[in-house]
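For reference, input.cif (mmCIF, C-alpha atoms):
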```
data_start
loop_
_atom_site.label_atom_id
_atom_site.label_comp_id
_atom_site.auth_asym_id
_atom_site.auth_seq_id
_atom_site.Cartn_x
_atom_site.Cartn_y
_atom_site.Cartn_z
CA MET B 1 8.55 -15.47 -23.72
CA ARG B 2 7.13 -15.82 -20.23
CA THR B 3 3.44 -15.68 -19.34
CA ILE B 4 2.84 -13.52 -16.27
CA PHE B 5 -0.52 -12.98 -14.56
CA HIS B 6 -1.20 -10.13 -12.17
CA ILE B 7 -4.40 -10.90 -10.26
CA ASP B 8 -5.90 -8.07 -8.25
CA MET B 9 -9.06 -8.36 -6.17
CA ASN B 10 -11.78 -5.78 -6.91
CA SER B 11 -12.61 -3.53 -3.92
CA PHE B 12 -11.31 -6.32 -1.70
CA PHE B 13 -12.47 -5.24 1.78
CA ALA B 14 -15.92 -4.33 0.47
CA SER B 15 -16.14 -7.57 -1.55
CA CYS B 16 -15.24 -9.62 1.54
CA GLU B 17 -17.98 -7.94 3.56
CA GLN B 18 -20.48 -8.57 0.77
CA ALA B 19 -19.40 -12.22 0.54
CA LEU B 20 -19.99 -12.56 4.28
CA ASN B 21 -23.33 -10.76 4.11
CA PRO B 22 -24.84 -10.78 0.58
CA LYS B 23 -27.53 -8.27 1.65
CA LEU B 24 -24.77 -5.65 1.57
CA LYS B 25 -24.80 -5.99 -2.24
CA GLU B 26 -28.21 -4.31 -2.36
CA LYS B 27 -26.85 -0.81 -1.71
CA PRO B 28 -23.56 1.06 -2.19
CA LEU B 29 -21.14 -0.05 0.55
CA ILE B 30 -18.49 1.95 2.42
CA VAL B 31 -16.08 0.21 4.81
CA GLY B 32 -14.36 2.30 7.47
CA GLY B 33 -14.85 4.95 10.10
CA ASP B 34 -17.65 5.20 12.63
CA PRO B 35 -21.07 4.41 11.09
CA LYS B 36 -22.99 6.28 13.81
CA LYS B 37 -20.88 9.42 14.11
CA ARG B 38 -19.86 9.27 10.45
CA ARG B 39 -16.26 10.06 11.30
CA GLY B 40 -12.98 8.59 10.13
CA ILE B 41 -11.89 7.68 6.62
CA VAL B 42 -13.01 5.35 3.84
CA LEU B 43 -10.95 2.15 3.83
CA ALA B 44 -12.83 0.58 0.93
CA ALA B 45 -15.90 1.18 -1.20
CA SER B 46 -17.96 -1.00 -3.51
CA TYR B 47 -17.98 -0.11 -7.20
CA ASP B 48 -21.49 1.33 -7.05
CA ALA B 49 -20.28 3.64 -4.26
CA LYS B 50 -17.21 4.57 -6.32
CA ALA B 51 -19.56 5.55 -9.15
CA TYR B 52 -20.68 8.45 -6.96
CA GLY B 53 -17.09 9.63 -6.52
CA VAL B 54 -16.34 7.86 -3.23
CA LYS B 55 -12.60 7.15 -2.91
CA THR B 56 -10.32 5.38 -0.47
CA THR B 57 -8.95 7.62 2.36
CA MET B 58 -11.75 10.15 1.77
CA PRO B 59 -13.36 11.41 5.02
CA ILE B 60 -16.55 9.50 5.79
CA TRP B 61 -18.64 12.70 5.99
CA GLN B 62 -17.55 13.64 2.49
CA ALA B 63 -18.30 10.15 1.15
CA VAL B 64 -21.79 10.25 2.68
CA LYS B 65 -22.40 13.65 1.11
CA LEU B 66 -21.55 12.17 -2.30
CA CYS B 67 -23.51 8.96 -1.74
CA PRO B 68 -26.24 9.47 0.92
CA GLU B 69 -27.79 6.03 0.40
CA ALA B 70 -24.52 4.19 1.13
CA VAL B 71 -24.34 1.65 3.93
CA ILE B 72 -21.37 2.28 6.23
CA ILE B 73 -19.84 -0.55 8.24
CA ARG B 74 -16.75 -1.01 10.37
CA PRO B 75 -13.97 -3.20 8.93
CA THR B 76 -13.76 -6.87 9.88
CA HIS B 77 -10.02 -7.37 9.47
CA ASN B 78 -9.85 -11.05 10.46
CA LEU B 79 -12.23 -11.72 7.62
CA TYR B 80 -9.88 -10.15 5.06
CA SER B 81 -6.77 -12.06 6.13
CA ASN B 82 -8.67 -15.36 6.21
CA ILE B 83 -10.09 -14.87 2.71
CA SER B 84 -6.67 -13.73 1.48
CA LYS B 85 -5.13 -17.02 2.63
CA LYS B 86 -7.81 -18.96 0.75
CA ILE B 87 -7.17 -16.91 -2.40
CA MET B 88 -3.42 -17.50 -2.23
CA ASN B 89 -3.99 -21.23 -1.66
CA ILE B 90 -6.08 -21.34 -4.84
CA PHE B 91 -3.28 -19.61 -6.75
CA ASP B 92 -0.83 -22.25 -5.49
CA GLU B 93 -2.88 -24.92 -7.29
CA TYR B 94 -1.97 -23.36 -10.64
CA THR B 95 1.72 -22.56 -10.25
CA PRO B 96 4.47 -22.79 -7.61
CA LEU B 97 5.80 -19.46 -8.89
CA LYS B 98 3.60 -17.01 -6.99
CA GLN B 99 4.76 -13.62 -5.74
CA GLN B 100 2.32 -12.09 -3.30
CA LEU B 101 2.36 -8.29 -3.34
CA SER B 102 -0.21 -7.55 -0.67
CA ILE B 103 -3.27 -9.01 1.00
CA ASP B 104 -5.29 -8.87 -2.25
CA GLU B 105 -2.90 -9.19 -5.20
CA ALA B 106 -0.21 -11.46 -6.57
CA PHE B 107 1.87 -12.26 -9.62
CA LEU B 108 1.70 -15.78 -11.07
CA ASP B 109 4.17 -17.21 -13.59
CA MET B 110 1.92 -19.35 -15.82
CA THR B 111 4.59 -20.15 -18.41
CA GLY B 112 4.20 -23.66 -19.82
CA THR B 113 0.83 -24.41 -18.21
CA GLU B 114 -1.13 -24.44 -21.48
CA ASN B 115 -1.44 -28.25 -21.52
CA LEU B 116 -2.86 -28.18 -18.01
CA PHE B 117 -5.25 -25.23 -18.05
CA GLY B 118 -5.63 -24.19 -21.68
CA SER B 119 -4.69 -20.87 -23.26
CA THR B 120 -3.74 -17.87 -21.14
CA LEU B 121 -7.23 -16.42 -21.48
CA GLU B 122 -8.81 -19.76 -20.55
CA ALA B 123 -6.58 -20.12 -17.50
CA ALA B 124 -7.34 -16.56 -16.38
CA SER B 125 -11.06 -17.24 -16.75
CA ILE B 126 -10.80 -20.48 -14.76
CA ILE B 127 -9.07 -18.74 -11.84
CA GLN B 128 -11.40 -15.74 -11.94
CA ASN B 129 -14.48 -18.00 -11.91
CA ARG B 130 -13.12 -20.12 -9.07
CA LEU B 131 -12.70 -17.06 -6.87
CA LEU B 132 -16.25 -16.03 -7.67
CA ASP B 133 -17.81 -19.47 -7.25
CA GLU B 134 -15.95 -20.58 -4.13
CA LEU B 135 -15.32 -17.28 -2.29
CA ASP B 136 -17.68 -14.79 -3.98
CA ILE B 137 -14.70 -12.50 -4.56
CA PRO B 138 -14.35 -10.69 -7.91
CA CYS B 139 -10.94 -10.02 -9.41
CA SER B 140 -9.27 -8.57 -12.49
CA VAL B 141 -6.47 -10.38 -14.32
CA GLY B 142 -3.68 -8.75 -16.26
CA ILE B 143 -1.61 -10.87 -18.63
CA SER B 144 1.75 -10.04 -20.19
CA SER B 145 5.33 -11.17 -20.65
CA ASN B 146 6.57 -9.05 -17.71
CA LYS B 147 5.31 -7.93 -14.31
CA LEU B 148 5.01 -4.23 -15.16
CA LEU B 149 2.66 -4.73 -18.10
CA ALA B 150 0.71 -7.45 -16.31
CA LYS B 151 0.04 -5.01 -13.46
CA MET B 152 -0.95 -2.25 -15.88
CA ALA B 153 -3.24 -4.74 -17.65
CA SER B 154 -5.07 -5.73 -14.45
CA ASP B 155 -5.94 -2.06 -13.91
CA TYR B 156 -7.19 -1.70 -17.48
CA LYS B 157 -10.66 -3.09 -16.83
CA LYS B 158 -12.34 -3.32 -13.43
CA PRO B 159 -14.30 -5.08 -12.11
CA LEU B 160 -13.96 -8.62 -13.49
CA GLY B 161 -11.61 -7.73 -16.32
CA ILE B 162 -9.21 -10.01 -18.17
CA THR B 163 -6.76 -7.99 -20.25
CA GLU B 164 -3.66 -8.83 -22.25
CA ILE B 165 -1.03 -6.15 -22.82
CA TYR B 166 2.23 -7.19 -24.45
CA PRO B 167 5.10 -4.88 -25.50
CA LYS B 168 3.65 -4.75 -29.04
CA ASP B 169 0.36 -3.40 -27.60
CA ILE B 170 1.64 -0.49 -25.51
CA GLU B 171 1.41 2.15 -28.22
CA ASN B 172 -2.30 1.50 -28.73
CA LYS B 173 -3.32 0.62 -25.18
CA LEU B 174 -1.06 2.68 -22.92
CA TRP B 175 0.60 5.60 -24.64
CA HIS B 176 -2.56 7.73 -24.70
CA LEU B 177 -2.98 7.48 -20.90
CA PRO B 178 -1.87 10.29 -18.53
CA VAL B 179 1.73 9.78 -17.41
CA GLY B 180 0.61 9.58 -13.79
CA GLU B 181 -1.17 6.29 -14.54
CA LEU B 182 2.12 4.54 -15.29
CA TYR B 183 3.01 2.23 -12.41
CA GLY B 184 5.84 3.78 -10.40
CA VAL B 185 5.14 7.41 -11.36
CA GLY B 186 3.87 9.38 -8.36
CA LYS B 187 2.22 12.76 -7.98
CA LYS B 188 5.43 14.76 -7.56
CA THR B 189 7.05 13.11 -10.58
CA THR B 190 3.89 13.72 -12.61
CA ILE B 191 4.03 17.44 -11.80
CA ALA B 192 7.73 17.59 -12.72
CA LEU B 193 7.13 15.75 -16.00
CA ASN B 194 4.16 17.93 -16.91
CA LYS B 195 6.38 21.00 -16.57
CA ILE B 196 8.52 19.73 -19.45
CA ASN B 197 5.39 18.86 -21.45
CA VAL B 198 5.53 15.13 -20.75
CA LYS B 199 1.83 14.55 -20.16
CA THR B 200 1.13 11.05 -21.46
CA ILE B 201 2.89 7.71 -21.19
CA GLY B 202 3.68 8.05 -24.88
CA ASP B 203 5.36 11.41 -24.27
CA LEU B 204 7.49 9.76 -21.61
CA ALA B 205 8.41 6.86 -23.89
CA LYS B 206 9.63 9.27 -26.58
CA CYS B 207 11.38 11.75 -24.26
CA PRO B 208 15.20 11.49 -24.27
CA VAL B 209 16.52 9.93 -21.06
CA ASP B 210 19.06 12.74 -20.70
CA THR B 211 16.22 15.26 -20.58
CA LEU B 212 14.39 13.23 -17.94
CA ALA B 213 17.56 12.83 -15.88
CA THR B 214 17.90 16.60 -15.46
CA ILE B 215 14.69 16.73 -13.44
CA ILE B 216 14.39 13.32 -11.74
CA GLY B 217 17.91 11.84 -11.70
CA ASN B 218 19.62 9.23 -13.86
CA LYS B 219 18.47 6.02 -12.15
CA TYR B 220 14.79 6.94 -11.90
CA ALA B 221 14.81 8.42 -15.42
CA ASN B 222 16.02 5.11 -16.88
CA GLU B 223 13.49 3.13 -14.83
CA ILE B 224 10.38 5.02 -15.87
CA HIS B 225 11.58 5.46 -19.46
CA ASP B 226 11.91 1.67 -19.71
CA SER B 227 8.48 1.26 -18.13
CA ALA B 228 6.88 3.63 -20.63
CA ASN B 229 8.35 1.49 -23.38
CA GLY B 230 7.03 -1.74 -21.86
CA ILE B 231 10.36 -2.97 -20.54
CA GLY B 232 10.11 -4.67 -17.16
CA GLU B 233 11.19 -7.53 -14.91
CA SER B 234 9.68 -10.95 -15.62
CA ILE B 235 11.18 -13.06 -12.82
CA ILE B 236 8.67 -14.19 -10.19
CA ASP B 237 10.27 -14.66 -6.77
CA PRO B 238 8.01 -16.55 -4.33
CA ASN B 239 10.18 -15.31 -1.45
CA VAL B 240 9.44 -11.65 -2.18
CA ARG B 241 6.14 -10.59 -0.63
CA ASN B 242 6.10 -6.91 -1.54
CA GLU B 243 7.80 -4.57 -3.98
CA THR B 244 7.06 -1.51 -1.86
CA LYS B 245 10.25 0.50 -1.36
CA SER B 246 9.07 2.51 1.63
CA ILE B 247 6.07 3.14 3.86
CA SER B 248 5.38 6.59 5.26
CA ASN B 249 2.62 8.72 6.72
CA GLU B 250 2.49 12.48 7.12
CA ILE B 251 0.28 15.06 8.77
CA THR B 252 -0.27 18.68 7.82
CA PHE B 253 -1.21 20.47 11.03
CA SER B 254 -4.27 22.70 11.27
CA SER B 255 -2.05 25.17 13.13
CA ASP B 256 1.76 25.27 13.07
CA ILE B 257 3.63 23.59 15.95
CA ASP B 258 6.66 25.15 17.62
CA ASP B 259 6.85 22.88 20.68
CA LEU B 260 9.10 19.79 20.47
CA ASP B 261 7.02 17.76 22.94
CA LYS B 262 3.86 18.35 20.90
CA LEU B 263 5.76 17.39 17.76
CA LYS B 264 6.89 14.14 19.39
CA LYS B 265 3.29 13.35 20.32
CA GLU B 266 2.32 13.69 16.66
CA ALA B 267 5.37 11.58 15.75
CA LEU B 268 4.04 8.78 17.96
CA LEU B 269 0.73 8.85 16.08
CA LEU B 270 2.61 8.53 12.78
CA ALA B 271 5.04 5.85 14.02
CA ASP B 272 2.09 3.84 15.29
CA SER B 273 0.30 3.91 11.93
CA VAL B 274 3.50 3.26 9.93
CA SER B 275 4.43 0.24 12.06
CA TRP B 276 0.88 -1.11 11.76
CA ARG B 277 1.09 -0.89 7.96
CA LEU B 278 4.50 -2.60 8.03
CA ARG B 279 3.11 -5.57 9.92
CA LYS B 280 0.05 -5.67 7.70
CA HIS B 281 2.33 -6.07 4.65
CA MET B 282 4.78 -8.38 6.48
CA LEU B 283 7.66 -5.92 6.10
CA LYS B 284 10.55 -4.84 8.31
CA GLY B 285 12.85 -1.91 7.58
CA LYS B 286 16.22 -0.55 8.63
CA THR B 287 16.12 3.10 7.56
CA ILE B 288 13.81 5.39 9.54
CA SER B 289 13.24 8.90 8.21
CA ILE B 290 11.41 12.09 9.03
CA LYS B 291 10.16 14.89 6.82
CA ILE B 292 9.68 18.40 8.15
CA LYS B 293 7.99 21.29 6.37
CA TYR B 294 8.37 24.62 8.17
CA SER B 295 5.90 27.48 8.20
CA ASN B 296 7.92 29.18 5.44
CA PHE B 297 7.41 25.97 3.34
CA LYS B 298 11.09 25.00 3.54
CA THR B 299 11.26 21.19 3.62
CA ILE B 300 14.03 19.02 5.10
CA THR B 301 14.45 15.27 5.53
CA ARG B 302 16.63 13.32 7.95
CA SER B 303 17.18 9.57 8.34
CA ILE B 304 18.92 6.99 10.48
CA THR B 305 19.78 3.37 9.68
CA ILE B 306 19.68 0.69 12.37
CA ASN B 307 21.42 -2.69 12.39
CA ASN B 308 18.39 -4.98 12.57
CA PRO B 309 15.21 -4.53 10.52
CA THR B 310 12.13 -3.71 12.60
CA ASP B 311 8.38 -3.26 12.52
CA VAL B 312 8.15 -2.42 16.24
CA THR B 313 6.27 0.78 17.06
CA ASP B 314 8.44 1.81 20.01
CA ILE B 315 11.70 1.33 18.11
CA ILE B 316 10.49 3.38 15.15
CA TYR B 317 9.15 6.06 17.50
CA ASN B 318 12.35 6.27 19.59
CA LYS B 319 14.52 6.64 16.48
CA THR B 320 12.12 9.29 15.17
CA CYS B 321 12.51 11.20 18.44
CA ASN B 322 16.30 10.95 18.13
CA LEU B 323 16.07 12.57 14.70
CA LEU B 324 13.80 15.31 16.04
CA ASP B 325 16.13 15.96 18.99
CA ASN B 326 18.99 16.62 16.58
CA LEU B 327 17.02 19.35 14.80
CA GLU B 328 17.06 22.98 15.73
CA LEU B 329 13.46 23.88 15.11
CA GLY B 330 14.07 27.61 14.76
CA GLN B 331 10.57 28.16 13.48
CA SER B 332 7.21 26.44 13.67
CA VAL B 333 6.45 23.22 11.81
CA ARG B 334 3.63 22.94 9.29
CA LEU B 335 4.00 19.28 8.30
CA LEU B 336 5.58 16.19 9.84
CA GLY B 337 6.18 12.87 8.12
CA VAL B 338 7.59 9.57 9.38
CA GLY B 339 8.72 6.80 7.07
CA ILE B 340 10.71 3.59 6.91
CA GLY B 341 12.47 1.81 4.05
CA ASN B 342 15.48 -0.37 3.30
CA PHE B 343 13.37 -3.48 3.84
CA ASP B 344 14.89 -6.76 4.98
CA ASN B 345 12.40 -9.53 5.69
CA SER B 346 14.75 -12.26 6.86
CA GLU B 347 12.91 -14.60 9.16
CA TYR B 348 15.81 -14.80 11.61
CA GLN B 349 18.03 -12.09 13.00
CA GLN B 350 21.40 -12.55 14.66
CA LEU B 351 21.23 -10.85 18.04
CA SER B 352 24.37 -9.33 19.51
CA LEU B 353 25.76 -11.15 22.56
CA PHE B 354 26.50 -7.77 24.06
CA GLU B 355 22.98 -6.37 23.62
CA LYS B 356 21.83 -5.50 27.12
CA GLU B 357 18.14 -5.43 26.27
CA GLU B 358 17.96 -8.11 23.63
CA ASN B 359 14.71 -9.52 25.04
CA VAL B 360 12.93 -6.14 25.06
CA PRO B 361 12.14 -6.00 21.32
CA HIS B 362 10.51 -9.43 21.61
CA LYS B 363 8.20 -8.20 24.38
CA LYS B 364 7.39 -5.07 22.39
CA GLU B 365 6.61 -7.21 19.35
CA GLN B 366 4.15 -9.21 21.46
CA VAL B 367 2.42 -5.99 22.52
CA ASP B 368 2.22 -4.83 18.90
CA ARG B 369 0.76 -8.18 17.80
CA LEU B 370 -1.88 -7.98 20.54
CA VAL B 371 -2.79 -4.45 19.46
CA ASP B 372 -3.03 -5.65 15.84
CA GLU B 373 -5.38 -8.45 16.81
CA LEU B 374 -7.66 -6.06 18.66
CA ARG B 375 -7.65 -3.63 15.75
CA GLU B 376 -8.46 -6.42 13.32
CA ARG B 377 -11.45 -7.40 15.41
CA PHE B 378 -12.76 -3.97 16.40
CA GLY B 379 -11.22 -1.46 13.97
CA TYR B 380 -8.03 0.62 13.89
CA ASP B 381 -9.24 3.31 16.31
CA SER B 382 -10.34 0.76 18.92
CA VAL B 383 -6.88 0.74 20.54
CA LYS B 384 -4.80 3.85 21.21
CA ARG B 385 -1.85 4.71 23.38
CA ALA B 386 -2.88 6.78 26.39
CA SER B 387 -0.94 9.81 25.19
CA LEU B 388 -2.85 9.73 21.89
CA ILE B 389 -6.39 9.64 23.23
CA ASP B 390 -7.09 13.13 21.91
CA ASN B 391 -5.56 12.40 18.53
CA SER B 392 -7.53 11.02 15.60
CA TYR B 393 -6.09 8.82 12.86
CA ASN B 394 -5.98 10.96 9.76
CA PRO B 395 -2.62 10.48 8.02
CA LYS B 396 -1.92 10.97 4.32
CA GLN B 397 -0.54 7.66 3.11
CA LYS B 398 2.48 7.74 0.84
#
```

So that I can check it, write out the structure of this file as structure tokens.
Amino acid sequence: MRTIFHIDMNSFFASCEQALNPKLKEKPLIVGGDPKKRRGIVLAASYDAKAYGVKTTMPIWQAVKLCPEAVIIRPTHNLYSNISKKIMNIFDEYTPLKQQLSIDEAFLDMTGTENLFGSTLEAASIIQNRLLDELDIPCSVGISSNKLLAKMASDYKKPLGITEIYPKDIENKLWHLPVGELYGVGKKTTIALNKINVKTIGDLAKCPVDTLATIIGNKYANEIHDSANGIGESIIDPNVRNETKSISNEITFSSDIDDLDKLKKEALLLADSVSWRLRKHMLKGKTISIKIKYSNFKTITRSITINNPTDVTDIIYNKTCNLLDNLELGQSVRLLGVGIGNFDNSEYQQLSLFEKEENVPHKKEQVDRLVDELRERFGYDSVKRASLIDNSYNPKQK
């Protein structure tokens, strides 16, 4: 049986700011938005701010209403990436089998390290204390024989939790939880499952797969049924940086849009934020998609697959416009979404000898990297395309 750790930083952005400036620990802390105008969204919140009901992506004004005494600061993105590198370097001292999921979490295969670092609980405590002592960053550690249960275990107690959940423990520790808390089960699936009276993880574990398949499809039904029964992958692949299957943003308009040019302007806002998130997670995708919800609530999706994976804003935007051009709007649009999936993170791409503009993507990538650097230093809203000056960043992240 393998020993898998999932180590997840606690309120990472807020913890980094507090490590940089310990005085920020004296009051609830909110990272994000404009501190003076109290606009924008919450990117991170300390646990004492979360105790008041403050949540990530919540509008700043709403967070301040819930927690008036909170200190609000702009994000310092270079700080987060630098501390993340130090965290990952510490992990590398304990095992070569590390799979980084995002800037603040990773799986570690600790199988066979007992003679080096002690029992699993002792090893988890050693790593947790090192992060606190050397970086002043708290984390929670989940321990299991597979990645799914290790990730569920790291969520079990925050902050500074160390939790073991093995397949034999799931009935007591997981089955009583709402089904939506199972990793991989989203809001829409939760609603669909609740309609057939599957309300807890235990209900899902006991529900016949054939019944599940009628509402969510065969493949997904088998996946989440296995998950509810504690069955999951245990192989740690150091070359895989993220298990995310897609990244998308969507906007519900305050008033319906029936003009294609206006819709394309909103699409640029979405493509810009999606591409930024791709680069943040070191991902490139091939399949670009749009989601349209009309004023009569009819929803359609369209997608296009390109030859080479990309994280370039202009490429994603141009393909999005192509998809929009092929639609007959007919009626006004209530919601627009832009997404990308089919990830391929190969370091090198074979460029076609017949590509007339093969150097253009490289130049566009340089522009995107420059924009990213400025945003990391001064905040996401510090740099905007000229056509988006009147638009504010307020996407729903999916």

Hits from the PyMOL selection byres ((chain B and resi 56-67) around 7), listed as a list in words: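 Selection result, ordered by chain and number: Gly33, Arg38, Arg39, Gly40, Ile41, Val42, Leu43, Ala44, Ala49, Tyr52, Gly53, Val54, Lys55, Pro68, Glu69 and Ala70 of chain B.
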
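Remark: for Leu177 in chain B, the closest of the candidate residues B:Asp203, B:Arg74, B:Ile165, B:Ala221 is B:Asp203 (distances computed over all atoms listed in the file).
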
Result set, the PyMOL selection byres ((chain B and resi 273-278) around 7) on current file, as a VMD selection string: chain B and resid 247 to 249 269 to 272 279 to 284 311 to 313 339

Closest of B:Glu93, B:Glu114, B:Lys27, B:Tyr47 to Val71 in chain B - atom-to-atom distances counting only C-alpha atoms: B:Lys27

Residue nearest Ser303 in chain B - candidates B:Lys245, B:Asn222, B:Phe12, B:Leu323, atoms counted: all atoms listed in the file: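 Smallest distance to Ser303 in chain B is found for B:Leu323.
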
Picked residues, the PyMOL selection byres ((chain B and resi 136) around 10), expected as an NGL selection string: :B and (15-16 or 18-20 or 22 or 129-135 or 137-139)

Distance query 7 Å from (10.5, 10.5, 12.6) using only C-alpha atoms, result as a PyMOL selection string: chain B and resi 267+288-290+317+319-321+323-324+337-339

Distance in Å - CA of Asp8 in chain B versus CA of Asp104 in chain B: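 Result for CA of Asp8 in chain B versus CA of Asp104 in chain B: 6.1 Å, one decimal.
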
Computed interatomic separation between CA of Asn197 in chain B and CA of Ala153 in chain B (Å):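 Separation of CA of Asn197 in chain B and CA of Ala153 in chain B: 25.4 Å.
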
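Taking CA of Phe5 in chain B as the reference point, CA of Ala150 in chain B is found at 5.9 Å.
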
Top pick for closest residue to Ile316 in chain B, considering B:Lys50, B:Lys85, B:Lys293, B:Lys286 and counting only C-alpha atoms: B:Lys286

Per-axis box centre and lengths in Å around range 185-201 of chain B, 5 Å margin per side, axis-aligned, as lines of an AutoDock Vina configuration file:
```
center_x = 4.8
center_y = 14.2
center_z = -14.5
size_x = 17.4
size_y = 23.6
size_z = 23.9
```

Given all atoms listed in the file as the counted atoms, nearest of B:Thr299, B:Asn218, B:Thr111, B:Asn82 to Thr95 in chain B: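 Selected residue with least distance to Thr95 in chain B: B:Thr111.
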
Nearest residue to Asn21 in chain B from the set B:Leu160, B:Ala124, B:Ile4, B:Ile73 (distances using all atoms listed in the file): B:Ile73

Shell of 10 Å around Ser154 in chain B, all atoms listed in the file, local chain residues under 5 positions omitted, as a VMD selection string: chain B and resid 5 to 9 139 to 144 149 159 to 165

Who sits within 9 Å of range 116-120 of chain B, all atoms listed in the file, same chain under 3 positions skipped, as a PyMOL selection string: chain B and resi 3+5+94+110+112-113+123-126+143

Shell of 9 Å around Leu204 in chain B, all atoms listed in the file, local chain residues under 2 positions omitted, as an MDAnalysis selection string: chainID B and resid 175 179 193 198:202 206:208 212 224:225 228:229

Please save C-alpha atoms of the selected residues as an mmCIF file, in the coordinates of the input.
```cif
data_model
loop_
_atom_site.group_PDB
_atom_site.id
_atom_site.type_symbol
_atom_site.label_atom_id
_atom_site.label_comp_id
_atom_site.auth_asym_id
_atom_site.auth_seq_id
_atom_site.Cartn_x
_atom_site.Cartn_y
_atom_site.Cartn_z
ATOM 1 C CA TRP B 175 0.600 5.600 -24.640
ATOM 2 C CA VAL B 179 1.730 9.780 -17.410
ATOM 3 C CA LEU B 193 7.130 15.750 -16.000
ATOM 4 C CA VAL B 198 5.530 15.130 -20.750
ATOM 5 C CA LYS B 199 1.830 14.550 -20.160
ATOM 6 C CA THR B 200 1.130 11.050 -21.460
ATOM 7 C CA ILE B 201 2.890 7.710 -21.190
ATOM 8 C CA GLY B 202 3.680 8.050 -24.880
ATOM 9 C CA LYS B 206 9.630 9.270 -26.580
ATOM 10 C CA CYS B 207 11.380 11.750 -24.260
ATOM 11 C CA PRO B 208 15.200 11.490 -24.270
ATOM 12 C CA LEU B 212 14.390 13.230 -17.940
ATOM 13 C CA ILE B 224 10.380 5.020 -15.870
ATOM 14 C CA HIS B 225 11.580 5.460 -19.460
ATOM 15 C CA ALA B 228 6.880 3.630 -20.630
ATOM 16 C CA ASN B 229 8.350 1.490 -23.380
#
```
